[in-house]
$ cat my_file_8.tsv   # TSV, C-alpha atoms
chain	number	residue	atom	x	y	z
A	1	MET	CA	41.14	30.46	32.11
A	2	ALA	CA	41.29	33.73	30.22
A	3	LYS	CA	42.20	33.39	26.57
A	4	LYS	CA	44.89	35.47	24.96
A	5	VAL	CA	43.78	38.59	23.18
A	6	ASP	CA	44.69	38.52	19.49
A	7	ARG	CA	46.10	41.27	17.24
A	8	ILE	CA	42.73	43.00	16.74
A	9	GLY	CA	41.92	42.78	20.45
A	10	LYS	CA	45.29	44.27	21.40
A	11	ILE	CA	44.89	47.22	19.04
A	12	LEU	CA	41.33	47.83	20.24
A	13	GLY	CA	42.40	47.59	23.87
A	14	ALA	CA	40.06	44.68	24.60
A	15	THR	CA	39.92	43.39	28.16
A	16	ARG	CA	38.32	40.12	27.08
A	17	GLN	CA	37.75	38.22	23.89
A	18	PHE	CA	35.86	35.11	22.87
A	19	ALA	CA	34.65	33.47	19.69
A	20	VAL	CA	31.03	33.93	18.67
A	21	LYS	CA	29.98	30.79	16.88
A	22	THR	CA	27.81	32.47	14.30
A	23	ARG	CA	29.08	30.36	11.44
A	24	ALA	CA	27.69	26.94	12.09
A	25	ALA	CA	29.76	24.08	10.79
A	26	GLY	CA	27.96	21.59	8.59
A	27	PRO	CA	24.92	22.55	6.57
A	28	LEU	CA	25.76	26.27	6.39
A	29	ASP	CA	29.30	25.56	5.27
A	30	LEU	CA	27.86	23.39	2.52
A	31	VAL	CA	25.51	26.18	1.46
A	32	GLN	CA	28.44	28.60	1.22
A	33	LEU	CA	30.47	26.06	-0.69
A	34	ARG	CA	27.60	25.48	-3.10
A	35	GLU	CA	27.31	29.25	-3.66
A	36	GLU	CA	31.01	29.48	-4.41
A	37	ILE	CA	30.83	26.54	-6.80
A	38	ASN	CA	27.87	28.05	-8.62
A	39	GLU	CA	29.65	31.39	-8.85
A	40	ARG	CA	32.96	30.03	-10.09
A	41	LEU	CA	32.07	27.24	-12.45
A	42	GLU	CA	30.83	28.18	-15.89
A	43	SER	CA	29.79	26.06	-18.81
A	44	ARG	CA	30.96	27.09	-22.27
A	45	GLY	CA	29.09	24.33	-23.98
A	46	GLY	CA	30.87	21.56	-22.14
A	47	ARG	CA	31.39	20.48	-18.58
A	48	PRO	CA	31.31	23.49	-16.17
A	49	SER	CA	34.75	24.70	-15.11
A	50	ASP	CA	36.42	27.75	-13.56
A	51	PRO	CA	37.75	29.87	-16.45
A	52	GLU	CA	40.69	30.96	-14.27
A	53	TRP	CA	42.02	27.42	-13.90
A	54	ASP	CA	44.97	27.16	-16.26
A	55	LEU	CA	46.90	24.20	-14.86
A	56	ARG	CA	46.35	20.52	-14.18
A	57	ARG	CA	48.58	18.73	-11.66
A	58	VAL	CA	48.62	15.31	-10.07
A	59	ILE	CA	48.30	15.75	-6.30
A	60	PRO	CA	48.66	12.88	-3.80
A	61	LEU	CA	45.92	12.39	-1.23
A	62	LYS	CA	44.48	9.73	1.07
A	63	GLY	CA	41.80	7.37	-0.14
A	64	SER	CA	39.53	8.57	2.66
A	65	SER	CA	39.92	12.15	1.41
A	66	TRP	CA	38.98	11.11	-2.11
A	67	ASN	CA	35.97	9.22	-0.76
A	68	PHE	CA	34.91	12.35	1.13
A	69	LEU	CA	35.25	14.44	-2.03
A	70	ARG	CA	33.21	11.90	-4.01
A	71	GLU	CA	30.51	11.84	-1.37
A	72	LYS	CA	30.26	15.64	-1.08
A	73	SER	CA	30.57	16.20	-4.84
A	74	GLY	CA	27.35	14.22	-5.24
A	75	GLU	CA	25.54	16.51	-2.80
A	76	LEU	CA	26.99	19.60	-4.44
A	77	GLN	CA	26.56	18.36	-8.02
A	78	VAL	CA	30.16	19.03	-8.99
A	79	SER	CA	33.00	16.69	-9.95
A	80	PRO	CA	35.25	15.45	-7.10
A	81	GLY	CA	38.29	16.99	-8.81
A	82	HIS	CA	36.69	20.41	-9.12
A	83	LEU	CA	35.54	20.25	-5.51
A	84	ALA	CA	39.10	19.35	-4.46
A	85	ALA	CA	40.47	22.33	-6.39
A	86	ILE	CA	38.01	24.75	-4.79
A	87	ILE	CA	38.67	23.46	-1.27
A	88	LEU	CA	42.44	23.62	-1.89
A	89	GLU	CA	42.23	27.20	-3.15
A	90	ARG	CA	40.10	28.18	-0.16
A	91	GLY	CA	42.82	26.77	2.09
A	92	ILE	CA	45.53	28.66	0.22
A	93	GLU	CA	43.60	31.95	0.48
A	94	SER	CA	43.02	31.39	4.18
A	95	PHE	CA	46.72	30.63	4.71
A	96	LYS	CA	47.73	33.73	2.76
A	97	GLY	CA	45.34	35.80	4.88
A	98	ARG	CA	46.87	34.49	8.11
A	99	ARG	CA	50.38	35.17	6.82
A	100	HIS	CA	49.32	38.72	5.92
A	101	GLY	CA	48.02	39.19	9.48
A	102	ALA	CA	51.25	37.81	10.96
A	103	LYS	CA	53.36	40.11	8.80
A	104	SER	CA	51.44	43.20	9.86
A	105	ARG	CA	52.00	42.44	13.53
A	106	LYS	CA	55.56	43.72	13.71
A	107	PRO	CA	55.07	47.34	12.71
A	108	LEU	CA	51.88	47.50	14.78
A	109	ALA	CA	53.64	46.29	17.90
A	110	ALA	CA	56.39	48.84	17.38
A	111	ASP	CA	54.11	51.83	17.73
A	112	GLU	CA	51.74	50.38	20.35
B	1	MET	CA	20.03	20.14	-13.44
B	2	VAL	CA	21.75	22.96	-11.56
B	3	ILE	CA	21.71	26.41	-13.14
B	4	ARG	CA	25.15	27.91	-12.63
B	5	THR	CA	25.41	31.67	-12.35
B	6	ASN	CA	28.14	34.18	-11.68
B	7	ILE	CA	26.49	36.17	-8.88
B	8	LYS	CA	28.77	39.20	-9.21
B	9	ARG	CA	28.24	39.47	-12.96
B	10	THR	CA	24.50	38.74	-12.81
B	11	LEU	CA	23.93	41.43	-10.17
B	12	GLY	CA	26.22	43.90	-11.92
B	13	ALA	CA	28.18	44.23	-8.68
B	14	ILE	CA	31.21	46.52	-8.62
B	15	TYR	CA	32.76	45.69	-5.26
B	16	PRO	CA	33.13	41.98	-4.49
B	17	VAL	CA	34.89	42.92	-1.26
B	18	GLY	CA	34.17	39.90	0.92
B	19	ALA	CA	32.12	39.65	4.02
B	20	SER	CA	33.92	40.23	7.27
B	21	GLN	CA	31.22	41.33	9.66
B	22	VAL	CA	31.63	44.08	12.24
B	23	VAL	CA	28.84	44.52	14.82
B	24	LEU	CA	28.86	47.26	17.44
B	25	PHE	CA	26.38	47.40	20.31
B	26	ILE	CA	25.08	50.79	21.46
B	27	PRO	CA	22.90	50.55	24.59
B	28	ASP	CA	20.70	53.36	25.90
B	29	HIS	CA	21.91	53.38	29.51
B	30	SER	CA	25.10	53.82	31.45
B	31	ARG	CA	26.33	51.19	33.88
B	32	ASP	CA	24.60	53.19	36.62
B	33	ARG	CA	21.26	53.02	34.78
B	34	ASP	CA	21.37	56.65	33.69
B	35	SER	CA	19.95	57.31	30.22
B	36	ILE	CA	22.45	58.28	27.55
B	37	ASP	CA	21.89	60.10	24.28
B	38	GLN	CA	21.70	56.90	22.26
B	39	GLN	CA	20.78	58.63	18.99
B	40	TYR	CA	23.90	60.80	19.18
B	41	TRP	CA	26.15	57.77	19.72
B	42	VAL	CA	24.45	55.76	16.96
B	43	ASP	CA	25.08	58.66	14.58
B	44	GLU	CA	28.67	58.88	15.75
B	45	ALA	CA	29.10	55.13	15.19
B	46	LEU	CA	27.62	55.45	11.69
B	47	ASN	CA	30.00	58.32	10.94
B	48	VAL	CA	33.04	56.39	12.13
B	49	MET	CA	32.10	53.07	10.52
B	50	GLY	CA	30.98	54.77	7.31
B	51	ARG	CA	34.35	56.55	7.10
B	52	LEU	CA	36.43	53.51	8.01
B	53	PHE	CA	34.42	50.74	6.36
B	54	ARG	CA	32.56	52.54	3.57
B	55	GLY	CA	29.13	51.72	4.97
B	56	ALA	CA	27.18	50.66	8.04
B	57	THR	CA	23.59	49.99	9.04
B	58	ALA	CA	22.01	50.75	12.41
B	59	PHE	CA	19.11	48.45	13.21
B	60	PRO	CA	16.13	49.53	15.34
B	61	PRO	CA	16.65	48.97	19.06
B	62	GLY	CA	15.98	45.58	20.56
B	63	LYS	CA	15.46	44.75	24.19
B	64	GLY	CA	18.70	43.53	25.73
B	65	VAL	CA	20.19	42.57	29.04
B	66	TRP	CA	23.72	42.77	30.42
B	67	ARG	CA	25.03	41.19	33.61
B	68	ASP	CA	27.32	43.45	35.57
B	69	ASP	CA	29.64	41.04	37.35
B	70	GLU	CA	31.45	43.86	39.12
B	71	ALA	CA	28.14	44.86	40.70
B	72	GLY	CA	27.32	41.42	42.07
B	73	GLY	CA	25.76	40.10	38.87
B	74	LYS	CA	23.12	42.81	38.69
B	75	LEU	CA	21.09	42.56	35.48
B	76	LEU	CA	20.80	45.73	33.45
B	77	LYS	CA	17.91	45.76	30.98
B	78	GLU	CA	18.36	48.13	28.08
B	79	GLN	CA	17.34	48.95	24.53
B	80	THR	CA	20.31	48.17	22.34
B	81	VAL	CA	21.05	49.29	18.78
B	82	MET	CA	23.29	47.11	16.62
B	83	VAL	CA	25.41	48.91	14.04
B	84	VAL	CA	26.61	46.49	11.38
B	85	SER	CA	29.19	46.71	8.59
B	86	TYR	CA	30.23	44.12	6.04
B	87	ILE	CA	33.78	44.83	5.03
B	88	ALA	CA	36.77	43.54	3.12
B	89	PRO	CA	39.13	41.75	5.53
B	90	ASN	CA	42.07	43.80	4.27
B	91	LEU	CA	40.40	46.94	5.65
B	92	LEU	CA	41.24	45.80	9.17
B	93	THR	CA	44.61	47.54	9.20
B	94	GLY	CA	46.34	48.90	12.26
B	95	ALA	CA	45.39	52.46	11.35
B	96	THR	CA	41.71	51.55	10.89
B	97	LEU	CA	41.59	49.64	14.15
B	98	ARG	CA	43.27	52.46	16.05
B	99	SER	CA	40.66	54.91	14.74
B	100	LEU	CA	37.96	52.48	15.79
B	101	ARG	CA	39.58	52.12	19.21
B	102	GLU	CA	39.55	55.86	19.72
B	103	PHE	CA	35.80	55.93	19.15
B	104	LEU	CA	35.01	52.82	21.21
B	105	HIS	CA	36.97	54.05	24.20
B	106	ARG	CA	35.47	57.53	23.96
B	107	PHE	CA	32.00	55.98	23.89
B	108	GLY	CA	32.75	53.76	26.89
B	109	ARG	CA	34.35	56.55	28.88
B	110	GLU	CA	31.87	59.35	28.18
B	111	THR	CA	28.76	57.22	28.68
B	112	ARG	CA	30.19	55.21	31.60
B	113	GLN	CA	29.63	51.80	30.04
B	114	GLY	CA	30.41	48.70	32.08
B	115	GLU	CA	31.68	47.18	28.86
B	116	VAL	CA	31.78	48.20	25.21
B	117	GLY	CA	31.30	45.22	22.95
B	118	ILE	CA	32.16	44.78	19.30
B	119	VAL	CA	32.17	41.63	17.18
B	120	ILE	CA	34.71	41.39	14.38
B	121	ASN	CA	34.95	38.27	12.25
B	122	SER	CA	32.94	36.17	14.68
B	123	LYS	CA	35.02	37.24	17.69
B	124	TYR	CA	33.66	39.36	20.51
B	125	TYR	CA	35.99	42.02	21.90
B	126	GLY	CA	34.90	43.54	25.19
B	127	LYS	CA	36.44	46.64	26.68
B	128	SER	CA	35.85	47.56	30.29
B	129	ARG	CA	38.87	49.82	30.85
B	130	TYR	CA	39.10	52.91	28.71
B	131	ASP	CA	41.98	54.95	27.38
B	132	VAL	CA	42.60	58.28	29.04
B	133	PRO	CA	42.07	60.99	26.42
B	134	LYS	CA	45.17	62.70	25.15
B	135	THR	CA	45.30	66.35	26.13

$ encode --input "my_file_8.tsv" --output "structure tokens"
Amino acid sequence: MAKKVDRIGKILGATRQFAVKTRAAGPLDLVQLREEINERLESRGGRPSDPEWDLRRVIPLKGSSWNFLREKSGELQVSPGHLAAIILERGIESFKGRRHGAKSRKPLAADE
Amino acid sequence: MVIRTNIKRTLGAIYPVGASQVVLFIPDHSRDRDSIDQQYWVDEALNVMGRLFRGATAFPPGKGVWRDDEAGGKLLKEQTVMVVSYIAPNLLTGATLRSLREFLHRFGRETRQGEVGIVINSKYYGKSRYDVPKT
């Protein structure tokens, strides 16, 4: 069954569209996450932290999620809390990006 | 112990613009196996992608194959150039994409391509019907 053509495909006049799985899930994602952690966390004599973090909040989560964070934080040599913050902020940025795309659809459709 | 570095600061980078990847394929034949002026179209692609995305790289040709389903699955062997840009995701505006469309459809139409393919953000967009040029 043919998949729907998305916003970019519609503007480009694509007759077909499919995902190219160039970003492997798993090890490569971990490498990218490690790069981001190394880039963001700085040590000013103490435990490394992101200098842009200016709040601390208590956030509820499942025990299994915390166990996952603990497990991966060991591999990535970062604290589980810091890893949670980075993953959360990645999710927020991704969500904001999708919202931006959705917002821009209306005016585009109007002049298509 | 892990040495933590700020890559942007360490490299003295000015534009941390992200890494949405755009890849355009420029073959050297038409659907009917006629040679096309590949160098001209690679230069045109570099002009368009340089203007729209601030930079692009054309890699040396590699041997490729394309299956033409509308011609009974005939295999067309060709030398294909990949033109690649790494861009900020917010550059993919309607205006930018429409400029890109104009070029892609002109390329497909004037060189009689069975399909013009471009990958944007890990999605392949194929075009096999081309816009009629505005007079």

$ interface_residues --input "my_file_8.tsv" --of "chain B" --to "chain A" --cutoff "12 Å" --atoms "all atoms listed in the file" --output "ChimeraX atom specification"
/B:1-11,16,19-21,23,88-106,108,114-132

$ closest_residue --input "my_file_8.tsv" --among "B:Val81, B:Gly62, B:Leu76, B:Lys134" --to "Asp43 (chain B)" --atoms "only C-alpha atoms"
B:Val81

$ atom_distance --input "my_file_8.tsv" --atom1 "CA of Ser49 (chain A)" --atom2 "CA of Lys96 (chain A)"
23.9 Å

$ residues_around --input "my_file_8.tsv" --residues "Lys63 (chain B)" --least-positions-apart "6" --cutoff "8 Å" --atoms "all atoms listed in the file" --output "PyMOL selection string"
chain B and resi 77-80

$ residues_around --input "my_file_8.tsv" --residues "Ile36 (chain B)" --least-positions-apart "4" --cutoff "12 Å" --atoms "all atoms listed in the file" --output "PyMOL selection string"
chain B and resi 26-32+40-42+78-80+107-108+110-113

$ atom_distance --input "my_file_8.tsv" --atom1 "CA of Ile59 (chain A)" --atom2 "CA of Glu71 (chain A)"
18.9 Å

$ atom_distance --input "my_file_8.tsv" --atom1 "CA of Gly81 (chain A)" --atom2 "CA of Gly63 (chain A)"
13.4 Å
